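Heads up, model28.json below (JSON, C-alpha atoms):
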[["chain", "number", "residue", "atom", "x", "y", "z"],
["A", 1, "MET", "CA", -133.04, 59.58, 70.38],
["A", 2, "SER", "CA", -133.00, 56.95, 73.11],
["A", 3, "GLU", "CA", -129.72, 56.80, 75.00],
["A", 4, "LYS", "CA", -127.54, 53.72, 74.96],
["A", 5, "LYS", "CA", -127.21, 51.82, 78.24],
["A", 6, "PRO", "CA", -123.69, 52.25, 79.69],
["A", 7, "THR", "CA", -121.70, 49.22, 78.49],
["A", 8, "ALA", "CA", -118.27, 48.05, 79.68],
["A", 9, "LYS", "CA", -115.49, 48.18, 77.11],
["A", 10, "VAL", "CA", -111.76, 47.54, 76.86],
["A", 11, "VAL", "CA", -110.12, 48.67, 73.62],
["A", 12, "HIS", "CA", -106.75, 49.97, 72.45],
["A", 13, "TYR", "CA", -107.07, 53.61, 71.39],
["A", 14, "ALA", "CA", -105.51, 52.85, 68.00],
["A", 15, "ASP", "CA", -108.38, 50.45, 67.23],
["A", 16, "VAL", "CA", -110.92, 53.28, 67.51],
["A", 17, "PRO", "CA", -111.41, 54.97, 64.11],
["A", 18, "ALA", "CA", -109.90, 58.43, 63.61],
["A", 19, "ALA", "CA", -111.92, 61.14, 61.84],
["A", 20, "GLU", "CA", -110.28, 64.15, 60.21],
["A", 21, "PHE", "CA", -111.28, 67.59, 61.46],
["A", 22, "GLY", "CA", -111.18, 68.77, 57.86],
["A", 23, "ASP", "CA", -110.77, 72.34, 56.60],
["A", 24, "GLU", "CA", -111.16, 73.85, 60.06],
["A", 25, "ALA", "CA", -107.95, 72.16, 61.24],
["A", 26, "PRO", "CA", -105.92, 70.37, 58.54],
["A", 27, "GLY", "CA", -103.66, 67.61, 59.89],
["A", 28, "VAL", "CA", -105.80, 67.08, 62.99],
["A", 29, "SER", "CA", -107.88, 63.99, 63.71],
["A", 30, "ILE", "CA", -110.06, 62.77, 66.55],
["A", 31, "ARG", "CA", -110.97, 59.34, 67.96],
["A", 32, "LEU", "CA", -114.11, 59.01, 70.11],
["A", 33, "LEU", "CA", -112.68, 56.61, 72.70],
["A", 34, "ILE", "CA", -115.70, 56.62, 75.03],
["A", 35, "ASP", "CA", -118.86, 58.43, 74.01],
["A", 36, "ALA", "CA", -122.57, 58.62, 74.71],
["A", 37, "GLU", "CA", -123.81, 57.17, 71.42],
["A", 38, "HIS", "CA", -121.75, 53.95, 71.36],
["A", 39, "ASP", "CA", -120.91, 53.41, 75.04],
["A", 40, "GLY", "CA", -123.63, 55.23, 76.96],
["A", 41, "ALA", "CA", -121.12, 57.50, 78.73],
["A", 42, "PRO", "CA", -123.32, 59.18, 81.36],
["A", 43, "VAL", "CA", -121.38, 62.39, 82.10],
["A", 44, "TYR", "CA", -118.42, 63.05, 79.85],
["A", 45, "VAL", "CA", -116.82, 61.90, 76.63],
["A", 46, "LEU", "CA", -113.18, 60.87, 76.20],
["A", 47, "ARG", "CA", -111.48, 61.58, 72.88],
["A", 48, "MET", "CA", -107.94, 61.24, 71.50],
["A", 49, "ILE", "CA", -106.75, 64.20, 69.44],
["A", 50, "GLU", "CA", -103.84, 63.72, 67.02],
["A", 51, "VAL", "CA", -102.00, 66.65, 65.48],
["A", 52, "SER", "CA", -99.47, 66.29, 62.65],
["A", 53, "PRO", "CA", -96.15, 68.18, 62.85],
["A", 54, "GLY", "CA", -96.60, 71.91, 62.21],
["A", 55, "CYS", "CA", -100.39, 71.69, 62.48],
["A", 56, "SER", "CA", -102.76, 73.22, 65.05],
["A", 57, "THR", "CA", -106.15, 72.56, 66.60],
["A", 58, "PRO", "CA", -108.81, 75.25, 66.04],
["A", 59, "ASP", "CA", -108.07, 78.52, 67.90],
["A", 60, "HIS", "CA", -111.46, 78.82, 69.56],
["A", 61, "ARG", "CA", -113.48, 79.04, 72.74],
["A", 62, "HIS", "CA", -116.67, 77.30, 73.87],
["A", 63, "PRO", "CA", -118.83, 77.18, 76.98],
["A", 64, "PHE", "CA", -117.45, 73.80, 78.15],
["A", 65, "GLU", "CA", -114.06, 72.87, 79.56],
["A", 66, "HIS", "CA", -111.30, 70.53, 78.33],
["A", 67, "GLU", "CA", -109.37, 68.14, 80.53],
["A", 68, "ASN", "CA", -106.28, 67.07, 78.57],
["A", 69, "PHE", "CA", -103.41, 64.64, 79.07],
["A", 70, "VAL", "CA", -100.49, 64.55, 76.63],
["A", 71, "VAL", "CA", -99.78, 60.95, 75.65],
["A", 72, "GLU", "CA", -97.04, 61.53, 73.07],
["A", 73, "GLY", "CA", -95.12, 64.24, 71.23],
["A", 74, "THR", "CA", -94.21, 67.85, 71.92],
["A", 75, "GLY", "CA", -96.01, 71.08, 71.29],
["A", 76, "GLU", "CA", -97.50, 74.14, 72.87],
["A", 77, "VAL", "CA", -100.91, 75.16, 74.05],
["A", 78, "VAL", "CA", -101.95, 78.81, 74.00],
["A", 79, "ILE", "CA", -104.62, 79.56, 76.60],
["A", 80, "GLU", "CA", -106.03, 83.10, 76.57],
["A", 81, "GLY", "CA", -102.83, 84.37, 74.94],
["A", 82, "GLU", "CA", -100.43, 82.58, 77.28],
["A", 83, "CYS", "CA", -98.19, 79.97, 75.66],
["A", 84, "HIS", "CA", -97.19, 76.80, 77.55],
["A", 85, "LYS", "CA", -94.84, 74.12, 76.22],
["A", 86, "VAL", "CA", -96.27, 70.61, 76.58],
["A", 87, "ALA", "CA", -94.87, 67.10, 76.33],
["A", 88, "GLU", "CA", -95.72, 63.53, 77.35],
["A", 89, "GLY", "CA", -97.23, 63.35, 80.82],
["A", 90, "ASP", "CA", -98.46, 66.94, 80.94],
["A", 91, "VAL", "CA", -101.95, 67.64, 82.21],
["A", 92, "VAL", "CA", -103.86, 70.67, 80.88],
["A", 93, "PHE", "CA", -107.10, 72.14, 82.19],
["A", 94, "VAL", "CA", -108.78, 74.58, 79.81],
["A", 95, "PRO", "CA", -111.70, 76.26, 81.64],
["A", 96, "PRO", "CA", -115.00, 77.02, 79.89],
["A", 97, "ASP", "CA", -115.16, 80.14, 77.67],
["A", 98, "VAL", "CA", -111.40, 80.52, 77.34],
["A", 99, "GLN", "CA", -109.61, 80.87, 73.99],
["A", 100, "HIS", "CA", -107.21, 77.97, 73.30],
["A", 101, "THR", "CA", -105.25, 76.17, 70.60],
["A", 102, "TYR", "CA", -102.68, 73.37, 70.53],
["A", 103, "ARG", "CA", -99.77, 73.37, 68.06],
["A", 104, "ASN", "CA", -97.43, 70.50, 67.28],
["A", 105, "THR", "CA", -93.88, 71.89, 67.36],
["A", 106, "GLY", "CA", -92.17, 68.48, 67.24],
["A", 107, "GLU", "CA", -91.16, 65.94, 64.60],
["A", 108, "GLY", "CA", -93.74, 63.25, 65.39],
["A", 109, "THR", "CA", -97.47, 63.18, 66.07],
["A", 110, "LEU", "CA", -98.72, 65.19, 69.04],
["A", 111, "ARG", "CA", -101.31, 63.00, 70.73],
["A", 112, "PHE", "CA", -103.43, 64.03, 73.70],
["A", 113, "LEU", "CA", -106.55, 62.90, 75.49],
["A", 114, "CYS", "CA", -109.39, 65.40, 75.64],
["A", 115, "GLY", "CA", -112.40, 64.97, 77.92],
["A", 116, "ILE", "CA", -115.50, 67.13, 77.53],
["A", 117, "PRO", "CA", -119.01, 67.02, 79.01],
["A", 118, "LYS", "CA", -121.22, 64.78, 76.88],
["B", 1, "MET", "CA", -118.34, 75.54, 100.64],
["B", 2, "SER", "CA", -118.04, 78.02, 97.78],
["B", 3, "GLU", "CA", -116.75, 76.49, 94.57],
["B", 4, "LYS", "CA", -113.46, 77.56, 93.06],
["B", 5, "LYS", "CA", -113.68, 79.39, 89.73],
["B", 6, "PRO", "CA", -112.34, 77.19, 86.89],
["B", 7, "THR", "CA", -108.67, 78.13, 86.44],
["B", 8, "ALA", "CA", -106.34, 77.15, 83.59],
["B", 9, "LYS", "CA", -103.44, 74.92, 84.51],
["B", 10, "VAL", "CA", -100.57, 73.10, 82.84],
["B", 11, "VAL", "CA", -98.65, 70.66, 85.05],
["B", 12, "HIS", "CA", -96.74, 67.40, 84.69],
["B", 13, "TYR", "CA", -98.64, 64.59, 86.39],
["B", 14, "ALA", "CA", -95.58, 63.64, 88.44],
["B", 15, "ASP", "CA", -95.58, 67.11, 90.03],
["B", 16, "VAL", "CA", -99.05, 66.50, 91.50],
["B", 17, "PRO", "CA", -98.78, 64.89, 94.98],
["B", 18, "ALA", "CA", -99.68, 61.20, 95.30],
["B", 19, "ALA", "CA", -101.79, 60.03, 98.26],
["B", 20, "GLU", "CA", -101.79, 56.41, 99.41],
["B", 21, "PHE", "CA", -105.12, 54.56, 99.41],
["B", 22, "GLY", "CA", -104.04, 52.94, 102.67],
["B", 23, "ASP", "CA", -105.35, 49.72, 104.19],
["B", 24, "GLU", "CA", -108.16, 49.40, 101.65],
["B", 25, "ALA", "CA", -105.63, 48.97, 98.83],
["B", 26, "PRO", "CA", -101.98, 48.65, 99.87],
["B", 27, "GLY", "CA", -99.52, 49.64, 97.14],
["B", 28, "VAL", "CA", -102.02, 51.90, 95.40],
["B", 29, "SER", "CA", -101.83, 55.69, 95.23],
["B", 30, "ILE", "CA", -103.82, 58.47, 93.61],
["B", 31, "ARG", "CA", -102.98, 61.92, 92.22],
["B", 32, "LEU", "CA", -105.81, 64.45, 91.80],
["B", 33, "LEU", "CA", -104.67, 65.91, 88.47],
["B", 34, "ILE", "CA", -107.71, 68.14, 87.88],
["B", 35, "ASP", "CA", -110.35, 68.47, 90.58],
["B", 36, "ALA", "CA", -113.15, 70.71, 91.78],
["B", 37, "GLU", "CA", -111.50, 71.99, 94.95],
["B", 38, "HIS", "CA", -108.20, 73.23, 93.45],
["B", 39, "ASP", "CA", -109.08, 73.78, 89.79],
["B", 40, "GLY", "CA", -112.83, 74.38, 89.73],
["B", 41, "ALA", "CA", -113.44, 71.39, 87.43],
["B", 42, "PRO", "CA", -117.11, 71.90, 86.49],
["B", 43, "VAL", "CA", -118.17, 68.37, 85.51],
["B", 44, "TYR", "CA", -115.62, 65.66, 86.16],
["B", 45, "VAL", "CA", -112.38, 65.00, 87.98],
["B", 46, "LEU", "CA", -109.23, 63.52, 86.43],
["B", 47, "ARG", "CA", -106.98, 61.35, 88.61],
["B", 48, "MET", "CA", -103.87, 59.23, 88.06],
["B", 49, "ILE", "CA", -103.94, 55.85, 89.79],
["B", 50, "GLU", "CA", -100.64, 54.04, 90.40],
["B", 51, "VAL", "CA", -100.52, 50.37, 91.37],
["B", 52, "SER", "CA", -97.35, 48.62, 92.56],
["B", 53, "PRO", "CA", -96.47, 45.18, 91.12],
["B", 54, "GLY", "CA", -98.72, 42.45, 92.55],
["B", 55, "CYS", "CA", -101.14, 44.96, 94.09],
["B", 56, "SER", "CA", -104.80, 45.67, 93.26],
["B", 57, "THR", "CA", -107.28, 48.52, 93.42],
["B", 58, "PRO", "CA", -110.34, 47.95, 95.64],
["B", 59, "ASP", "CA", -112.73, 45.31, 94.26],
["B", 60, "HIS", "CA", -115.87, 47.40, 94.50],
["B", 61, "ARG", "CA", -118.80, 49.03, 92.76],
["B", 62, "HIS", "CA", -120.32, 52.51, 92.99],
["B", 63, "PRO", "CA", -123.09, 54.47, 91.29],
["B", 64, "PHE", "CA", -120.73, 56.45, 89.05],
["B", 65, "GLU", "CA", -118.67, 55.36, 86.06],
["B", 66, "HIS", "CA", -114.90, 55.27, 85.41],
["B", 67, "GLU", "CA", -113.27, 56.33, 82.16],
["B", 68, "ASN", "CA", -109.72, 54.95, 82.19],
["B", 69, "PHE", "CA", -106.65, 55.17, 79.98],
["B", 70, "VAL", "CA", -103.58, 53.04, 80.69],
["B", 71, "VAL", "CA", -100.48, 55.23, 80.55],
["B", 72, "GLU", "CA", -97.86, 52.67, 81.57],
["B", 73, "GLY", "CA", -97.41, 49.08, 82.73],
["B", 74, "THR", "CA", -99.35, 45.86, 82.34],
["B", 75, "GLY", "CA", -102.16, 44.34, 84.31],
["B", 76, "GLU", "CA", -105.70, 43.14, 84.20],
["B", 77, "VAL", "CA", -109.06, 44.62, 84.97],
["B", 78, "VAL", "CA", -111.91, 42.42, 86.15],
["B", 79, "ILE", "CA", -115.31, 43.92, 85.30],
["B", 80, "GLU", "CA", -118.33, 42.03, 86.63],
["B", 81, "GLY", "CA", -116.30, 38.80, 86.73],
["B", 82, "GLU", "CA", -114.79, 39.15, 83.27],
["B", 83, "CYS", "CA", -111.00, 39.53, 83.13],
["B", 84, "HIS", "CA", -109.35, 41.71, 80.48],
["B", 85, "LYS", "CA", -105.59, 42.12, 80.02],
["B", 86, "VAL", "CA", -104.55, 45.77, 79.78],
["B", 87, "ALA", "CA", -101.41, 47.61, 78.72],
["B", 88, "GLU", "CA", -100.26, 51.07, 77.61],
["B", 89, "GLY", "CA", -102.77, 52.73, 75.31],
["B", 90, "ASP", "CA", -105.78, 50.72, 76.41],
["B", 91, "VAL", "CA", -109.04, 52.52, 77.10],
["B", 92, "VAL", "CA", -111.46, 51.09, 79.69],
["B", 93, "PHE", "CA", -115.03, 52.15, 80.35],
["B", 94, "VAL", "CA", -116.46, 50.86, 83.64],
["B", 95, "PRO", "CA", -120.21, 51.65, 83.74],
["B", 96, "PRO", "CA", -121.94, 52.76, 86.95],
["B", 97, "ASP", "CA", -122.89, 50.05, 89.49],
["B", 98, "VAL", "CA", -120.56, 47.42, 88.05],
["B", 99, "GLN", "CA", -118.03, 45.47, 90.16],
["B", 100, "HIS", "CA", -114.43, 46.15, 89.11],
["B", 101, "THR", "CA", -110.80, 45.87, 90.18],
["B", 102, "TYR", "CA", -107.43, 46.46, 88.52],
["B", 103, "ARG", "CA", -104.40, 44.28, 89.27],
["B", 104, "ASN", "CA", -100.80, 44.95, 88.34],
["B", 105, "THR", "CA", -99.42, 41.72, 86.83],
["B", 106, "GLY", "CA", -96.20, 43.30, 85.51],
["B", 107, "GLU", "CA", -92.77, 44.19, 86.87],
["B", 108, "GLY", "CA", -93.17, 47.98, 86.93],
["B", 109, "THR", "CA", -95.81, 50.43, 88.11],
["B", 110, "LEU", "CA", -99.24, 50.14, 86.50],
["B", 111, "ARG", "CA", -100.36, 53.71, 85.89],
["B", 112, "PHE", "CA", -103.74, 54.71, 84.52],
["B", 113, "LEU", "CA", -105.90, 57.80, 84.25],
["B", 114, "CYS", "CA", -109.30, 57.62, 85.91],
["B", 115, "GLY", "CA", -112.04, 60.16, 85.29],
["B", 116, "ILE", "CA", -115.14, 60.32, 87.48],
["B", 117, "PRO", "CA", -118.00, 62.81, 87.84],
["B", 118, "LYS", "CA", -117.07, 65.51, 90.34]]
Could you render the structure from this file as structure tokens?
Amino acid sequence: MSEKKPTAKVVHYADVPAAEFGDEAPGVSIRLLIDAEHDGAPVYVLRMIEVSPGCSTPDHRHPFEHENFVVEGTGEVVIEGECHKVAEGDVVFVPPDVQHTYRNTGEGTLRFLCGIPK
Amino acid sequence: MSEKKPTAKVVHYADVPAAEFGDEAPGVSIRLLIDAEHDGAPVYVLRMIEVSPGCSTPDHRHPFEHENFVVEGTGEVVIEGECHKVAEGDVVFVPPDVQHTYRNTGEGTLRFLCGIPK
């Protein structure tokens, strides 16, 4: 597949479609804010993850890192068995190959940015 | 210089020190939220840029892209001569080798995330 040429864009995150994770993580959705396919992102992809109250992202590990920023809501992230409370303005670095999951412990949506290598 | 091993971290952005840009961009500061030196970021670096009212980031271009997310405030970004208004929740992709500058047109701090390749 030929790669898209990097193209400037300004968009509100809420205008980018949200896709459900599905059975793997009920109540969790993802918006591809800047990606390789549509925007020609050369190095990494920026997504918005949204977690409904009481729901969790997959408890998994993978060979690439996450760089997260909590935009809204309250919850916790468990990284290799260690639980950290998170809220708006928190920055989270999840290294490659480390087990991790986010859980929404609040009343509203937990919303965080998640960058990964493309 | 040997690279730091990627290390998990959870921190509020305001607890990361802010450095002034200096003469190149008065009223602008930067926080290295996740970087290679301290955190072992493998692929890209996440920074928080803060612009005082009436001030601007350098009007420049460089061979790497920006992936931005506006956390707070109002302003405009000029990308290759085209001006876009921006506010909280806006996502901006600035491709490599494209002229760009942000200006704070509001009353409070304009604060946005800025990811670049490490």
Handout entry: Residues near Asp97 in chain A, cut-off 8 Å, only C-alpha atoms, skip fewer than 6 positions along chain, as a VMD selection string
Key = chain A and resid 61 to 65
Just need the residues of chain B within 6 Å of chain A, counting only C-alpha atoms, so spit them out as a compact mmCIF listing (two decimals) with C-alpha atoms, keeping the file's coordinate frame.
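part04.txt written:
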# COMPACT_ATOMS: atom_id res chain seq x y z
CA PRO B 6 -112.34 77.19 86.89
CA THR B 7 -108.67 78.13 86.44
CA ALA B 8 -106.34 77.15 83.59
CA LYS B 9 -103.44 74.92 84.51
CA VAL B 10 -100.57 73.10 82.84
CA VAL B 11 -98.65 70.66 85.05
CA HIS B 12 -96.74 67.40 84.69
CA TYR B 13 -98.64 64.59 86.39
CA GLY B 89 -102.77 52.73 75.31
CA ASP B 90 -105.78 50.72 76.41
CA VAL B 91 -109.04 52.52 77.10
CA VAL B 92 -111.46 51.09 79.69
CA PHE B 93 -115.03 52.15 80.35
CA VAL B 94 -116.46 50.86 83.64
CA PRO B 95 -120.21 51.65 83.74
Practice task
Would you mind telling me which residue in B:Tyr102, B:Glu20, B:Arg111, B:Glu3 lies nearest to His38 in chain B when using all atoms listed in the file?
Solution key: B:Glu3
Handout entry: CA of His60 in chain B to CA of Val78 in chain B, straight-line distance in Å
Key = 10.5 Å
Please superimpose chain B on chain A using every C-alpha atom, paired by order, in a least-squares fit, and write the moved chain as a PDB file with C-alpha atoms, in the frame of the given file.
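Heads up, here's the output in out24.pdb:
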ATOM      1  CA  MET B   1    -133.027  59.585  70.381  1.00  0.00           C
ATOM      2  CA  SER B   2    -132.983  56.978  73.141  1.00  0.00           C
ATOM      3  CA  GLU B   3    -129.708  56.816  75.027  1.00  0.00           C
ATOM      4  CA  LYS B   4    -127.543  53.724  74.956  1.00  0.00           C
ATOM      5  CA  LYS B   5    -127.213  51.854  78.254  1.00  0.00           C
ATOM      6  CA  PRO B   6    -123.676  52.246  79.679  1.00  0.00           C
ATOM      7  CA  THR B   7    -121.693  49.211  78.490  1.00  0.00           C
ATOM      8  CA  ALA B   8    -118.260  48.055  79.669  1.00  0.00           C
ATOM      9  CA  LYS B   9    -115.495  48.186  77.107  1.00  0.00           C
ATOM     10  CA  VAL B  10    -111.768  47.561  76.864  1.00  0.00           C
ATOM     11  CA  VAL B  11    -110.113  48.676  73.617  1.00  0.00           C
ATOM     12  CA  HIS B  12    -106.746  49.980  72.447  1.00  0.00           C
ATOM     13  CA  TYR B  13    -107.059  53.610  71.389  1.00  0.00           C
ATOM     14  CA  ALA B  14    -105.505  52.850  68.001  1.00  0.00           C
ATOM     15  CA  ASP B  15    -108.366  50.441  67.241  1.00  0.00           C
ATOM     16  CA  VAL B  16    -110.906  53.278  67.513  1.00  0.00           C
ATOM     17  CA  PRO B  17    -111.409  54.974  64.101  1.00  0.00           C
ATOM     18  CA  ALA B  18    -109.895  58.437  63.603  1.00  0.00           C
ATOM     19  CA  ALA B  19    -111.935  61.145  61.846  1.00  0.00           C
ATOM     20  CA  GLU B  20    -110.284  64.153  60.218  1.00  0.00           C
ATOM     21  CA  PHE B  21    -111.284  67.608  61.473  1.00  0.00           C
ATOM     22  CA  GLY B  22    -111.161  68.782  57.864  1.00  0.00           C
ATOM     23  CA  ASP B  23    -110.763  72.340  56.609  1.00  0.00           C
ATOM     24  CA  GLU B  24    -111.154  73.846  60.077  1.00  0.00           C
ATOM     25  CA  ALA B  25    -107.942  72.148  61.232  1.00  0.00           C
ATOM     26  CA  PRO B  26    -105.915  70.364  58.546  1.00  0.00           C
ATOM     27  CA  GLY B  27    -103.651  67.624  59.906  1.00  0.00           C
ATOM     28  CA  VAL B  28    -105.790  67.083  62.991  1.00  0.00           C
ATOM     29  CA  SER B  29    -107.888  64.000  63.715  1.00  0.00           C
ATOM     30  CA  ILE B  30    -110.075  62.768  66.546  1.00  0.00           C
ATOM     31  CA  ARG B  31    -110.973  59.339  67.952  1.00  0.00           C
ATOM     32  CA  LEU B  32    -114.113  59.022  70.103  1.00  0.00           C
ATOM     33  CA  LEU B  33    -112.691  56.612  72.691  1.00  0.00           C
ATOM     34  CA  ILE B  34    -115.702  56.625  75.035  1.00  0.00           C
ATOM     35  CA  ASP B  35    -118.867  58.446  74.018  1.00  0.00           C
ATOM     36  CA  ALA B  36    -122.581  58.620  74.707  1.00  0.00           C
ATOM     37  CA  GLU B  37    -123.811  57.185  71.415  1.00  0.00           C
ATOM     38  CA  HIS B  38    -121.748  53.957  71.360  1.00  0.00           C
ATOM     39  CA  ASP B  39    -120.905  53.421  75.031  1.00  0.00           C
ATOM     40  CA  GLY B  40    -123.631  55.221  76.969  1.00  0.00           C
ATOM     41  CA  ALA B  41    -121.113  57.504  78.715  1.00  0.00           C
ATOM     42  CA  PRO B  42    -123.316  59.170  81.358  1.00  0.00           C
ATOM     43  CA  VAL B  43    -121.384  62.377  82.085  1.00  0.00           C
ATOM     44  CA  TYR B  44    -118.423  63.045  79.837  1.00  0.00           C
ATOM     45  CA  VAL B  45    -116.821  61.910  76.614  1.00  0.00           C
ATOM     46  CA  LEU B  46    -113.179  60.873  76.194  1.00  0.00           C
ATOM     47  CA  ARG B  47    -111.463  61.573  72.864  1.00  0.00           C
ATOM     48  CA  MET B  48    -107.933  61.232  71.489  1.00  0.00           C
ATOM     49  CA  ILE B  49    -106.748  64.199  69.436  1.00  0.00           C
ATOM     50  CA  GLU B  50    -103.835  63.707  67.024  1.00  0.00           C
ATOM     51  CA  VAL B  51    -101.992  66.649  65.485  1.00  0.00           C
ATOM     52  CA  SER B  52     -99.475  66.291  62.646  1.00  0.00           C
ATOM     53  CA  PRO B  53     -96.142  68.170  62.865  1.00  0.00           C
ATOM     54  CA  GLY B  54     -96.599  71.903  62.220  1.00  0.00           C
ATOM     55  CA  CYS B  55    -100.396  71.697  62.482  1.00  0.00           C
ATOM     56  CA  SER B  56    -102.766  73.222  65.061  1.00  0.00           C
ATOM     57  CA  THR B  57    -106.152  72.546  66.602  1.00  0.00           C
ATOM     58  CA  PRO B  58    -108.811  75.236  66.040  1.00  0.00           C
ATOM     59  CA  ASP B  59    -108.077  78.489  67.900  1.00  0.00           C
ATOM     60  CA  HIS B  60    -111.461  78.817  69.551  1.00  0.00           C
ATOM     61  CA  ARG B  61    -113.491  79.026  72.730  1.00  0.00           C
ATOM     62  CA  HIS B  62    -116.681  77.291  73.865  1.00  0.00           C
ATOM     63  CA  PRO B  63    -118.829  77.154  76.991  1.00  0.00           C
ATOM     64  CA  PHE B  64    -117.463  73.793  78.151  1.00  0.00           C
ATOM     65  CA  GLU B  65    -114.069  72.861  79.560  1.00  0.00           C
ATOM     66  CA  HIS B  66    -111.303  70.529  78.314  1.00  0.00           C
ATOM     67  CA  GLU B  67    -109.364  68.146  80.530  1.00  0.00           C
ATOM     68  CA  ASN B  68    -106.278  67.067  78.575  1.00  0.00           C
ATOM     69  CA  PHE B  69    -103.405  64.645  79.062  1.00  0.00           C
ATOM     70  CA  VAL B  70    -100.493  64.557  76.618  1.00  0.00           C
ATOM     71  CA  VAL B  71     -99.779  60.954  75.652  1.00  0.00           C
ATOM     72  CA  GLU B  72     -97.040  61.528  73.078  1.00  0.00           C
ATOM     73  CA  GLY B  73     -95.125  64.242  71.232  1.00  0.00           C
ATOM     74  CA  THR B  74     -94.222  67.846  71.923  1.00  0.00           C
ATOM     75  CA  GLY B  75     -96.026  71.076  71.291  1.00  0.00           C
ATOM     76  CA  GLU B  76     -97.503  74.135  72.856  1.00  0.00           C
ATOM     77  CA  VAL B  77    -100.908  75.162  74.047  1.00  0.00           C
ATOM     78  CA  VAL B  78    -101.950  78.805  73.996  1.00  0.00           C
ATOM     79  CA  ILE B  79    -104.624  79.556  76.607  1.00  0.00           C
ATOM     80  CA  GLU B  80    -106.033  83.087  76.561  1.00  0.00           C
ATOM     81  CA  GLY B  81    -102.827  84.377  74.943  1.00  0.00           C
ATOM     82  CA  GLU B  82    -100.434  82.580  77.271  1.00  0.00           C
ATOM     83  CA  CYS B  83     -98.182  79.961  75.659  1.00  0.00           C
ATOM     84  CA  HIS B  84     -97.195  76.804  77.545  1.00  0.00           C
ATOM     85  CA  LYS B  85     -94.829  74.123  76.228  1.00  0.00           C
ATOM     86  CA  VAL B  86     -96.267  70.621  76.584  1.00  0.00           C
ATOM     87  CA  ALA B  87     -94.879  67.103  76.331  1.00  0.00           C
ATOM     88  CA  GLU B  88     -95.719  63.528  77.351  1.00  0.00           C
ATOM     89  CA  GLY B  89     -97.234  63.360  80.818  1.00  0.00           C
ATOM     90  CA  ASP B  90     -98.455  66.938  80.945  1.00  0.00           C
ATOM     91  CA  VAL B  91    -101.953  67.642  82.214  1.00  0.00           C
ATOM     92  CA  VAL B  92    -103.857  70.675  80.878  1.00  0.00           C
ATOM     93  CA  PHE B  93    -107.090  72.136  82.190  1.00  0.00           C
ATOM     94  CA  VAL B  94    -108.780  74.582  79.805  1.00  0.00           C
ATOM     95  CA  PRO B  95    -111.698  76.263  81.639  1.00  0.00           C
ATOM     96  CA  PRO B  96    -114.998  77.018  79.887  1.00  0.00           C
ATOM     97  CA  ASP B  97    -115.165  80.142  77.671  1.00  0.00           C
ATOM     98  CA  VAL B  98    -111.400  80.513  77.344  1.00  0.00           C
ATOM     99  CA  GLN B  99    -109.606  80.860  73.980  1.00  0.00           C
ATOM    100  CA  HIS B 100    -107.225  77.964  73.296  1.00  0.00           C
ATOM    101  CA  THR B 101    -105.249  76.166  70.600  1.00  0.00           C
ATOM    102  CA  TYR B 102    -102.671  73.372  70.536  1.00  0.00           C
ATOM    103  CA  ARG B 103     -99.773  73.355  68.067  1.00  0.00           C
ATOM    104  CA  ASN B 104     -97.443  70.487  67.277  1.00  0.00           C
ATOM    105  CA  THR B 105     -93.886  71.888  67.356  1.00  0.00           C
ATOM    106  CA  GLY B 106     -92.166  68.477  67.244  1.00  0.00           C
ATOM    107  CA  GLU B 107     -91.165  65.945  64.599  1.00  0.00           C
ATOM    108  CA  GLY B 108     -93.749  63.260  65.404  1.00  0.00           C
ATOM    109  CA  THR B 109     -97.479  63.171  66.071  1.00  0.00           C
ATOM    110  CA  LEU B 110     -98.725  65.194  69.037  1.00  0.00           C
ATOM    111  CA  ARG B 111    -101.315  62.999  70.723  1.00  0.00           C
ATOM    112  CA  PHE B 112    -103.426  64.034  73.685  1.00  0.00           C
ATOM    113  CA  LEU B 113    -106.550  62.902  75.487  1.00  0.00           C
ATOM    114  CA  CYS B 114    -109.396  65.397  75.638  1.00  0.00           C
ATOM    115  CA  GLY B 115    -112.390  64.982  77.920  1.00  0.00           C
ATOM    116  CA  ILE B 116    -115.503  67.125  77.532  1.00  0.00           C
ATOM    117  CA  PRO B 117    -119.008  66.994  79.017  1.00  0.00           C
ATOM    118  CA  LYS B 118    -121.241  64.776  76.895  1.00  0.00           C
TER     119      LYS B 118
END
Practice task
In Å, rounded to a single decimal, give me how far CA of Pro17 in chain A is from CA of Thr105 in chain A.
Solution key: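 If I compute the distance from CA of Thr105 in chain A to CA of Pro17 in chain A, I get 24.6 Å.
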Handout entry: Point-to-point distance from CA of Pro53 in chain B to CA of Thr74 in chain B, Å rounded to tenths
Key =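 Straight-line distance from CA of Pro53 in chain B to CA of Thr74 in chain B works out to 9.3 Å.
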Problem - Proximity to Glu72 in chain A - best of A:Lys4, A:Ser52, A:Ala36, A:Glu24, only C-alpha atoms - result: A:Ser52
Show me, as an mmCIF file with C-alpha atoms, in the coordinates of the input, the residues that have an atom within 8 Å of Thr57 in chain A when counting all atoms listed in the file, minus same-chain residues fewer than 2 positions from it.
data_model
loop_
_atom_site.group_PDB
_atom_site.id
_atom_site.type_symbol
_atom_site.label_atom_id
_atom_site.label_comp_id
_atom_site.auth_asym_id
_atom_site.auth_seq_id
_atom_site.Cartn_x
_atom_site.Cartn_y
_atom_site.Cartn_z
ATOM 1 C CA ALA A 25 -107.950 72.160 61.240
ATOM 2 C CA VAL A 28 -105.800 67.080 62.990
ATOM 3 C CA VAL A 51 -102.000 66.650 65.480
ATOM 4 C CA CYS A 55 -100.390 71.690 62.480
ATOM 5 C CA ASP A 59 -108.070 78.520 67.900
ATOM 6 C CA THR A 101 -105.250 76.170 70.600
ATOM 7 C CA TYR A 102 -102.680 73.370 70.530
ATOM 8 C CA ARG A 103 -99.770 73.370 68.060
#
